[in-house]
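Structure file data.cif (mmCIF, C-alpha atoms) is printed below.
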data_start
loop_
_atom_site.label_atom_id
_atom_site.label_comp_id
_atom_site.auth_asym_id
_atom_site.auth_seq_id
_atom_site.Cartn_x
_atom_site.Cartn_y
_atom_site.Cartn_z
CA MET M 173 171.23 -63.75 -143.50
CA LYS M 174 173.84 -64.72 -146.07
CA SER M 175 171.12 -64.88 -148.68
CA LEU M 176 169.93 -61.42 -147.68
CA THR M 177 173.33 -59.78 -148.08
CA ARG M 178 174.11 -61.71 -151.26
CA HIS M 179 170.92 -60.48 -152.91
CA LEU M 180 170.87 -57.04 -151.33
CA PRO M 181 170.07 -55.17 -154.60
CA HIS M 182 167.12 -57.56 -155.14
CA TYR M 183 165.72 -56.96 -151.68
CA LEU M 184 166.31 -53.22 -151.82
CA SER M 185 164.30 -53.01 -155.04
CA LEU M 186 161.50 -55.02 -153.42
CA LEU M 187 161.53 -52.80 -150.33
CA GLY M 188 161.45 -49.76 -152.63
CA ILE M 189 158.34 -51.06 -154.41
CA LEU M 190 156.61 -51.78 -151.11
CA PHE M 191 157.63 -48.45 -149.58
CA PHE M 192 156.23 -46.43 -152.48
CA GLY M 193 153.07 -48.53 -152.38
CA ALA M 194 152.47 -47.63 -148.74
CA LEU M 195 153.44 -44.00 -149.44
CA GLY M 196 150.82 -43.85 -152.21
CA PHE M 197 148.14 -44.69 -149.67
CA ILE M 198 149.23 -41.82 -147.45
CA VAL M 199 149.54 -39.21 -150.20
CA PHE M 200 146.29 -40.16 -151.97
CA SER M 201 144.31 -40.99 -148.85
CA TYR M 202 141.15 -39.52 -150.42
CA ASP M 203 141.44 -41.18 -153.81
CA LYS M 204 139.89 -44.64 -153.75
CA ALA M 205 140.54 -45.35 -157.44
CA PHE M 206 144.21 -44.48 -157.04
CA GLN M 207 144.47 -46.74 -153.99
CA VAL M 208 142.98 -49.65 -155.94
CA ALA M 209 145.42 -49.02 -158.79
CA VAL M 210 148.39 -48.83 -156.40
CA SER M 211 147.33 -52.07 -154.67
CA ILE M 212 147.14 -53.96 -157.96
CA ALA M 213 150.41 -52.46 -159.21
CA VAL M 214 152.28 -53.41 -156.04
CA ALA M 215 150.82 -56.95 -156.00
CA VAL M 216 151.78 -57.50 -159.66
CA SER M 217 155.25 -56.04 -159.03
CA TYR M 218 155.68 -58.34 -156.04
CA VAL M 219 154.87 -61.46 -158.09
CA ALA M 220 157.07 -60.19 -160.94
CA TRP M 221 159.88 -59.61 -158.43
CA GLY M 222 159.47 -63.23 -157.25
CA VAL M 223 159.67 -64.55 -160.81
CA MET M 224 162.78 -62.51 -161.65
CA HIS M 225 164.50 -63.18 -158.34
CA HIS M 226 164.10 -66.96 -158.56
CA LYS M 227 164.99 -66.99 -162.27
CA LEU M 228 168.22 -65.16 -161.49
CA HIS M 229 168.78 -67.38 -158.48
CA ARG M 230 168.16 -70.41 -160.72
CA ASP M 231 165.67 -72.04 -158.38
CA TYR M 232 162.57 -71.03 -160.33
CA ASP M 233 159.65 -73.38 -159.88
CA ILE M 234 155.98 -72.94 -160.64
CA SER M 235 155.06 -73.89 -157.05
CA ILE M 236 157.13 -70.94 -155.82
CA ILE M 237 155.32 -68.52 -158.11
CA ILE M 238 151.98 -69.91 -156.94
CA GLU M 239 153.16 -69.13 -153.40
CA TYR M 240 153.89 -65.51 -154.35
CA LEU M 241 150.52 -65.33 -156.10
CA ALA M 242 148.73 -66.68 -153.02
CA VAL M 243 150.39 -64.10 -150.74
CA ALA M 244 149.57 -61.32 -153.25
CA ILE M 245 145.93 -62.42 -153.51
CA LEU M 246 145.61 -62.52 -149.72
CA GLY M 247 147.08 -59.02 -149.47
CA LEU M 248 144.79 -57.67 -152.19
CA SER M 249 141.72 -59.25 -150.56
CA ILE M 250 142.50 -57.55 -147.29
CA VAL M 251 143.27 -54.14 -148.80
CA PHE M 252 140.20 -54.20 -151.09
CA SER M 253 137.90 -55.22 -148.26
CA LEU M 254 139.10 -52.17 -146.33
CA ILE M 255 139.08 -49.72 -149.26
CA PHE M 256 135.50 -50.61 -150.15
CA ARG M 257 134.42 -50.56 -146.51
CA VAL M 258 135.73 -47.02 -145.96
CA MET K 228 148.71 -85.18 -128.12
CA LYS K 229 146.69 -84.94 -131.28
CA ILE K 230 146.23 -81.23 -130.68
CA VAL K 231 149.98 -80.73 -130.37
CA SER K 232 150.53 -82.60 -133.63
CA LEU K 233 147.85 -80.55 -135.33
CA LEU K 234 149.31 -77.26 -134.10
CA THR K 235 152.79 -78.34 -135.17
CA HIS K 236 151.43 -79.33 -138.57
CA LEU K 237 149.66 -76.01 -138.96
CA PHE K 238 152.22 -73.56 -137.61
CA PHE K 239 155.71 -75.11 -137.67
CA PRO K 240 157.87 -76.71 -140.35
CA HIS K 241 157.66 -80.46 -139.96
CA GLU K 242 157.87 -83.65 -142.02
CA SER K 243 154.08 -83.83 -142.02
CA ASN K 244 153.80 -80.50 -143.86
CA ASN K 245 156.81 -80.88 -146.16
CA GLN K 246 158.94 -78.69 -143.85
CA LYS K 247 156.70 -75.66 -144.19
CA ALA K 248 153.94 -74.60 -141.79
CA LYS K 249 150.70 -75.79 -143.36
CA ILE K 250 149.05 -72.41 -142.86
CA LEU K 251 151.72 -70.86 -145.12
CA HIS K 252 151.00 -73.21 -148.02
CA PRO K 253 149.40 -71.46 -151.01
CA SER K 254 146.24 -73.54 -150.61
CA SER K 255 145.87 -72.40 -146.99
CA LEU K 256 146.52 -68.76 -147.89
CA LEU K 257 143.84 -68.94 -150.58
CA VAL K 258 141.41 -70.48 -148.07
CA ILE K 259 142.11 -67.59 -145.68
CA SER K 260 141.46 -65.11 -148.54
CA ILE K 261 138.15 -66.83 -149.34
CA ILE K 262 137.11 -66.83 -145.65
CA LEU K 263 137.85 -63.08 -145.44
CA LEU K 264 135.82 -62.41 -148.59
CA VAL K 265 132.91 -64.51 -147.32
CA PHE K 266 133.03 -62.47 -144.10
CA GLN K 267 132.71 -59.29 -146.18
CA VAL K 268 129.77 -60.69 -148.11
CA LEU K 269 128.05 -61.70 -144.87
CA LEU K 270 128.62 -58.21 -143.47
CA SER K 271 126.99 -56.64 -146.52
CA LEU K 272 124.13 -59.11 -146.59
CA SER K 273 123.37 -58.71 -142.90
CA SER K 274 123.18 -54.94 -143.22
CA ARG K 275 121.06 -55.03 -146.39
CA SER K 276 118.63 -57.58 -144.98
CA GLY K 277 117.87 -55.17 -142.15
CA VAL K 278 119.63 -57.16 -139.48
CA LYS K 279 121.44 -54.38 -137.67
CA ILE K 280 124.10 -56.44 -136.04
CA LEU K 281 126.69 -53.88 -136.99
CA GLY K 282 126.64 -50.19 -137.55
CA TYR K 283 128.46 -46.95 -137.13
CA ALA K 284 127.62 -43.93 -135.10
CA SER K 285 129.68 -41.14 -133.68
CA ASN K 286 129.29 -37.88 -131.90
CA ILE K 287 130.66 -35.05 -134.03
CA PRO K 288 129.96 -31.58 -132.63
CA VAL K 289 128.78 -29.06 -135.21
CA GLU K 290 130.79 -26.26 -133.64
CA GLU K 291 133.95 -28.32 -133.93
CA VAL K 292 133.51 -28.65 -137.70
CA VAL K 293 132.94 -24.89 -137.97
CA ARG K 294 135.93 -24.12 -135.76
CA LEU K 295 138.27 -26.41 -137.70
CA THR K 296 137.04 -25.04 -141.03
CA ASN K 297 137.68 -21.47 -139.91
CA GLU K 298 141.04 -22.54 -138.54
CA LYS K 299 142.03 -23.79 -141.99
CA ARG K 300 140.85 -20.53 -143.55
CA ALA K 301 142.80 -18.49 -141.00
CA GLU K 302 145.95 -20.47 -141.83
CA SER K 303 145.48 -19.35 -145.44
CA GLY K 304 144.86 -15.75 -144.44
CA LEU K 305 141.14 -15.86 -145.17
CA SER K 306 138.36 -14.38 -143.07
CA SER K 307 136.23 -16.65 -140.88
CA LEU K 308 132.91 -17.90 -142.17
CA GLU K 309 129.88 -16.82 -140.20
CA TYR K 310 127.70 -19.60 -138.90
CA ASN K 311 124.20 -19.41 -140.34
CA PRO K 312 121.39 -21.53 -138.80
CA THR K 313 119.37 -21.24 -142.01
CA LEU K 314 122.20 -22.88 -143.92
CA SER K 315 122.41 -25.51 -141.19
CA ALA K 316 118.71 -26.21 -141.64
CA ALA K 317 119.36 -26.72 -145.37
CA ALA K 318 122.29 -29.01 -144.51
CA LYS K 319 120.10 -31.02 -142.15
CA ALA K 320 117.40 -31.36 -144.80
CA LYS K 321 120.03 -32.59 -147.28
CA GLY K 322 121.41 -35.13 -144.80
CA GLU K 323 117.96 -36.43 -143.94
CA ASP K 324 117.07 -36.68 -147.62
CA MET K 325 120.19 -38.81 -148.20
CA LEU K 326 119.22 -41.16 -145.39
CA ALA K 327 115.57 -41.33 -146.42
CA LYS K 328 116.41 -42.13 -150.05
CA ASP K 329 119.54 -44.19 -149.31
CA TYR K 330 121.93 -42.28 -151.55
CA TRP K 331 125.46 -41.00 -151.13
CA ALA K 332 125.81 -38.29 -153.76
CA HIS K 333 125.50 -34.56 -154.31
CA VAL K 334 122.49 -35.11 -156.56
CA SER K 335 119.68 -37.39 -155.35
CA PRO K 336 118.49 -40.38 -157.43
CA ASP K 337 115.40 -38.39 -158.41
CA GLY K 338 117.58 -35.53 -159.70
CA ILE K 339 117.35 -33.09 -156.80
CA GLU K 340 120.43 -30.88 -156.76
CA PRO K 341 121.99 -29.45 -153.60
CA TRP K 342 120.74 -25.96 -154.45
CA LYS K 343 117.14 -26.96 -153.86
CA PHE K 344 117.88 -27.38 -150.15
CA PHE K 345 119.23 -23.81 -150.06
CA THR K 346 116.15 -22.41 -151.71
CA ASP K 347 113.74 -24.57 -149.69
CA VAL K 348 114.84 -22.89 -146.46
CA GLY K 349 114.73 -19.48 -148.12
CA TYR K 350 118.45 -18.88 -148.43
CA ALA K 351 118.92 -16.63 -151.44
CA TYR K 352 122.46 -17.31 -152.46
CA ARG K 353 124.86 -15.62 -154.78
CA TYR K 354 127.43 -18.38 -154.30
CA ALA K 355 126.89 -21.80 -152.83
CA GLY K 356 128.91 -24.92 -152.23
CA GLU K 357 128.58 -28.32 -150.59
CA ASN K 358 131.02 -30.75 -149.01
CA LEU K 359 129.91 -34.15 -147.74
CA ALA K 360 131.55 -36.64 -145.39
CA ARG K 361 130.39 -39.87 -143.82
CA ASP K 362 131.50 -42.35 -141.18
CA PHE K 363 134.35 -40.32 -139.74
CA SER K 364 135.06 -40.95 -136.09
CA ASN K 365 135.71 -37.28 -135.34
CA ALA K 366 135.44 -33.80 -136.85
CA SER K 367 139.16 -33.36 -137.26
CA SER K 368 139.65 -36.38 -139.52
CA ALA K 369 136.70 -35.28 -141.70
CA VAL K 370 138.10 -31.77 -142.16
CA GLU K 371 141.58 -33.18 -142.82
CA ALA K 372 140.11 -35.50 -145.48
CA TRP K 373 138.40 -32.54 -147.16
CA MET K 374 141.64 -30.58 -147.06
CA ALA K 375 143.45 -33.49 -148.71
CA SER K 376 141.08 -33.33 -151.67
CA PRO K 377 141.71 -30.40 -154.03
CA THR K 378 138.05 -29.77 -154.91
CA HIS K 379 136.83 -29.89 -151.30
CA LYS K 380 139.76 -27.77 -150.21
CA ASP K 381 138.77 -25.19 -152.83
CA ASN K 382 135.36 -24.95 -151.19
CA ILE K 383 136.81 -24.57 -147.69
CA LEU K 384 139.34 -21.97 -148.78
CA SER K 385 137.15 -20.04 -151.18
CA SER K 386 137.07 -16.29 -150.54
CA LYS K 387 133.66 -16.11 -152.23
CA TYR K 388 131.86 -17.66 -149.27
CA LYS K 389 130.78 -15.62 -146.28
CA GLU K 390 128.68 -18.12 -144.35
CA ILE K 391 128.68 -21.75 -143.33
CA GLY K 392 126.03 -24.21 -142.21
CA ILE K 393 126.71 -27.66 -140.81
CA ALA K 394 124.54 -30.65 -140.03
CA VAL K 395 125.62 -33.93 -138.51
CA VAL K 396 122.92 -36.45 -139.33
CA GLU K 397 122.93 -39.98 -138.01
CA GLY K 398 120.70 -42.71 -139.33
CA ASP K 399 120.28 -45.82 -141.38
CA MET K 400 121.76 -45.86 -144.90
CA ASN K 401 121.40 -49.13 -146.78
CA GLY K 402 120.99 -50.96 -143.48
CA VAL K 403 124.07 -49.54 -141.79
CA ASP K 404 124.11 -46.87 -139.11
CA THR K 405 125.81 -43.95 -140.76
CA THR K 406 126.93 -40.53 -139.61
CA ILE K 407 126.84 -37.93 -142.38
CA ILE K 408 128.38 -34.47 -142.16
CA VAL K 409 126.85 -31.96 -144.56
CA GLN K 410 128.87 -28.77 -144.89
CA LEU K 411 127.20 -25.98 -146.85
CA PHE K 412 128.83 -22.74 -147.86
CA GLY K 413 127.01 -19.69 -149.05
CA THR K 414 127.04 -16.01 -149.75
CA LYS K 415 123.70 -14.26 -149.84
CA ILE K 416 122.78 -11.93 -152.65
CA SER K 417 122.68 -9.06 -150.17
CA GLN K 418 126.29 -9.77 -149.19
CA VAL K 419 127.52 -9.12 -152.73
CA PRO K 420 127.07 -5.45 -153.71
CA GLU K 421 126.83 -5.98 -157.42
CA ILE K 422 126.05 -8.90 -159.60
CA GLN K 423 129.32 -10.52 -160.45
CA PRO K 424 130.06 -13.47 -162.65
CA VAL K 425 130.01 -16.70 -160.72
CA ALA K 426 133.57 -17.83 -160.19
CA GLU K 427 134.78 -21.17 -161.36
CA ASN K 428 136.55 -24.11 -159.87
CA THR K 429 134.48 -25.18 -156.92
CA SER K 430 133.35 -28.74 -156.68
CA VAL K 431 129.74 -27.66 -156.36
CA GLN K 432 128.71 -24.29 -157.75
CA ALA K 433 125.50 -22.34 -157.71
CA THR K 434 124.06 -21.13 -160.96
CA PRO K 435 122.80 -17.59 -161.59
CA ALA K 436 119.46 -19.04 -162.68
CA ALA K 437 118.96 -20.66 -159.32
CA VAL K 438 119.80 -17.41 -157.57
CA ALA K 439 117.15 -15.53 -159.48
CA GLN K 440 114.40 -17.84 -158.31
CA VAL K 441 114.68 -17.30 -154.59
CA ALA K 442 114.08 -14.58 -152.15
CA GLU K 443 116.64 -13.27 -149.79
CA VAL K 444 116.43 -14.34 -146.17
CA PRO K 445 118.46 -12.57 -143.53
CA VAL K 446 120.81 -14.41 -141.24
CA VAL K 447 118.93 -15.25 -138.06
CA THR K 448 121.81 -15.57 -135.65
CA SER K 449 125.47 -16.19 -135.85
CA ILE K 450 127.32 -18.98 -134.17
CA PRO K 451 128.13 -18.19 -130.55
CA SER K 452 131.65 -17.44 -129.51
CA PRO K 453 133.80 -20.33 -128.30
CA THR K 454 132.97 -19.42 -124.71
CA ALA K 455 129.27 -20.06 -125.21
CA GLU K 456 127.52 -23.12 -123.91
CA PRO K 457 128.09 -26.17 -126.11
CA SER K 458 124.36 -26.84 -126.27
CA THR K 459 123.92 -23.53 -128.05
CA TYR K 460 125.91 -24.87 -130.96
CA LEU K 461 123.78 -27.94 -131.20
CA THR K 462 120.62 -25.86 -131.28
CA GLY K 463 122.00 -24.15 -134.38
CA LEU K 464 121.61 -27.44 -136.12
CA THR K 465 117.85 -27.39 -135.80
CA GLN K 466 117.21 -23.66 -135.79
CA GLY K 467 116.54 -23.30 -132.11
CA GLU K 468 115.25 -26.74 -131.22
CA GLU K 469 117.69 -28.64 -129.15
CA GLU K 470 118.37 -31.99 -130.69
CA GLU K 471 119.94 -34.89 -128.93
CA VAL K 472 123.03 -35.94 -130.80
CA PRO K 473 123.51 -39.71 -130.63
CA THR K 474 126.46 -40.73 -128.54
CA SER K 475 126.21 -44.47 -128.92
CA VAL K 476 129.24 -46.06 -130.51
CA LEU K 477 128.46 -49.38 -132.11
CA VAL K 478 130.89 -51.68 -133.80
CA SER K 479 131.40 -50.48 -137.34
CA PRO K 480 131.89 -52.81 -140.33
CA PHE K 481 135.09 -50.93 -141.09
CA ILE K 482 136.56 -51.37 -137.61
CA SER K 483 135.55 -55.07 -137.59
CA THR K 484 137.25 -55.59 -140.96
CA LYS K 485 140.31 -53.63 -139.87
CA SER K 486 140.67 -55.56 -136.59
CA ILE K 487 140.31 -58.96 -138.24
CA SER K 488 142.75 -57.97 -141.00
CA LEU K 489 145.32 -56.81 -138.44
CA VAL K 490 145.05 -60.08 -136.52
CA VAL K 491 145.31 -62.24 -139.67
CA VAL K 492 148.27 -60.36 -141.17
CA GLY K 493 150.08 -60.02 -137.83
CA PHE K 494 149.63 -63.71 -137.09
CA LEU K 495 150.82 -64.78 -140.53
CA MET K 496 153.90 -62.57 -140.21
CA VAL K 497 154.77 -64.22 -136.90
CA VAL K 498 154.33 -67.70 -138.41
CA PHE K 499 156.50 -66.70 -141.39
CA VAL K 500 159.25 -65.42 -139.04
CA VAL K 501 159.16 -68.56 -136.88
CA ASP K 502 159.07 -70.76 -139.97
CA ALA K 503 162.09 -68.97 -141.50
CA ALA K 504 164.04 -69.12 -138.23
CA MET K 505 163.42 -72.85 -137.76
CA VAL K 506 164.29 -73.69 -141.37
CA SER K 507 167.48 -71.64 -141.15
CA LYS K 508 168.45 -73.19 -137.80
CA ARG K 509 167.81 -76.74 -138.97
CA ARG K 510 169.45 -76.04 -142.34
CA ILE K 511 166.45 -77.50 -144.14
CA ALA K 512 166.60 -77.38 -147.92
CA ARG K 513 163.18 -76.84 -149.48
CA VAL K 514 161.57 -75.43 -152.59
CA SER K 515 159.93 -72.24 -151.39
CA GLY K 516 159.61 -68.52 -151.88
CA ARG K 517 161.70 -66.06 -149.86
CA SER K 518 160.34 -65.64 -146.37
CA PHE K 519 161.89 -62.17 -146.18
CA ALA K 520 159.94 -61.12 -149.30
CA HIS K 521 156.66 -62.47 -147.93
CA ILE K 522 157.21 -60.84 -144.54
CA SER K 523 158.05 -57.52 -146.24
CA PHE K 524 154.93 -57.70 -148.41
CA LEU K 525 152.75 -58.51 -145.42
CA GLY K 526 154.48 -55.68 -143.55
CA MET K 527 153.35 -53.28 -146.26
CA ILE K 528 149.80 -54.67 -146.02
CA LEU K 529 149.96 -54.14 -142.25
CA ALA K 530 151.07 -50.52 -142.81
CA ILE K 531 148.20 -49.95 -145.25
CA ILE K 532 145.70 -51.42 -142.78
CA LEU K 533 146.96 -48.96 -140.17
CA ILE K 534 146.99 -46.05 -142.64
CA LEU K 535 143.44 -46.54 -143.92
CA ARG K 536 140.86 -44.63 -141.91
CA SER K 537 137.13 -44.92 -141.88
CA GLY K 538 135.16 -42.25 -143.65
CA GLN K 539 134.36 -41.07 -147.14
CA ILE K 540 134.13 -37.62 -148.61
CA LEU K 541 132.16 -36.39 -151.55
#
Before anything else, please render the file you have as structure tokens.
Amino acid sequence: MKSLTRHLPHYLSLLGILFFGALGFIVFSYDKAFQVAVSIAVAVSYVAWGVMHHKLHRDYDISIIIEYLAVAILGLSIVFSLIFRV
Amino acid sequence: MKIVSLLTHLFFPHESNNQKAKILHPSSLLVISIILLVFQVLLSLSSRSGVKILGYASNIPVEEVVRLTNEKRAESGLSSLEYNPTLSAAAKAKGEDMLAKDYWAHVSPDGIEPWKFFTDVGYAYRYAGENLARDFSNASSAVEAWMASPTHKDNILSSKYKEIGIAVVEGDMNGVDTTIIVQLFGTKISQVPEIQPVAENTSVQATPAAVAQVAEVPVVTSIPSPTAEPSTYLTGLTQGEEEEVPTSVLVSPFISTKSISLVVVGFLMVVFVVDAAMVSKRRIARVSGRSFAHISFLGMILAIILILRSGQIL
């Protein structure tokens, strides 16, 4: 919890990215290409957020970035499998 | 005992997994991604090889599509479209052609344009338009999807059209049971006093040349009032012949994918929360990403899974 409050601006920016990502899916519910673009943009932003956050926090390690990448890839796989199944 | 150790290793931070649930390790997450992708490939292969283990079918009443379309027009201050069985026959022919030739497009692979289906049934149009939808679970979501798309909305809210024809065709498309809604709009030559230039900005537009080739056919009947028997509406689909609309609901590839995705993401979020709580409680120092960030990201994925609906429009 301490970490959360200490890095509140970091987490708020992340939540903002994720919120607008989900919002994009609602607003452009008919536009498959836009949804694909939003998914990729949010996943890249999420990994970039991880890199910047840990750099600023001075605990950057390549294994951490691989973890963010793995979560992003899992998320993209799920979203793509649904977009192209619709 | 071994099972307990295995479960602890997989789902809880422990010495055996370097104080992080094994299922949350990047290697495990990538394995889960690969398994999900393999599942998708198997779904596609099974449908293409003719093994109909999965499919999609739904019961969408024709009159409901007409009612909702006219409701949208009324909200915009436009007059209601008159139901025309001849247009519905053209819509049915278009839907059946799509299923027979396995295509999902306004123009067939052999170059047949939508207008041919108008002229084939003898509908001499001045203006014509076509909206397509597939795999929607109900009429309302299909009409809402059309309204969310500017070009389809233009068709629905065009003042040029006087009549509407609808067909709900269910069948096999590329090995998957598919429900297609074909919505045709038209205005007959006789309904326009003088030749006027064809207006622009509809997603599918008739050409004057096509109009000149066909003969005018009068409207046979109009759609019954809402108090009429429901079966009357369905007969409009086949110009008088009552057709049994399929009511079977099979498991759709989309719903299967959605359900599995919900379970996987929900389960991972729970494991992340438990993992974070245990690490915080035990004051374990480890090199790891932020659990809050991962949970938030997966939360967004969960929201997207819930937002996405089955169905495509064209």
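Residue nearest K:Gln539, chosen from M:His225, M:Lys204, M:Arg178, M:Arg230 and counting only C-alpha atoms: M:Lys204.
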Practice problem: Check what the PyMOL selection byres ((chain K) within 9 of (chain M)) selects in the file above and give those residues as a ChimeraX atom specification. | Solution: /K:251-257,259-261,263-264,267,362,372-373,375-376,480-481,484-485,488,492,514-517,519-521,523-528,530-532,534-540
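Counting from atom CA of K:Glu390, the distance to atom CA of K:Asp329 is 28.1 Å.
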Exercise. Excluding K:Leu541 and residues on its chain fewer than 3 positions from it, collect all residues at most 10 Å away from it, counting only C-alpha atoms, and give them as a list in words.
Key: Tyr202 of chain M; Trp331, Ala332, His333, Glu357, Asn358, Leu359, Ala360, Arg361, Trp373, Ser376, Thr378, His379, Val409 and Ser430 of chain K
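Note that the spacing between atom CA of K:Val501 and atom CA of K:Ser232 amounts to 16.8 Å.
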Self-check item: Length of the atom CA of K:Glu340 to atom CA of K:Thr313 vector [Å]
Solution: 17.7 Å
Quiz item: With only C-alpha atoms as the atoms that count, which of K:Leu411, K:Ala320, K:Ile391, K:Val491 lies nearest to K:Leu529?
Solution: K:Val491
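Within 6 Å of K:Ala394, once all atoms listed in the file are used and residues closer than 2 positions along the same chain are dropped, the contacting residues are Ser315, Ala318, Lys319, Ile408, Val409 and Leu464 of chain K.
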Quiz item: Near K:Lys387, counting all atoms listed in the file, which residues have an atom at most 9 Å away, once you skip same-chain residues fewer than 4 positions from it, shown as a list in words?
Solution: Tyr354, Ala355, Gly413, Thr414 and Ala426 of chain K
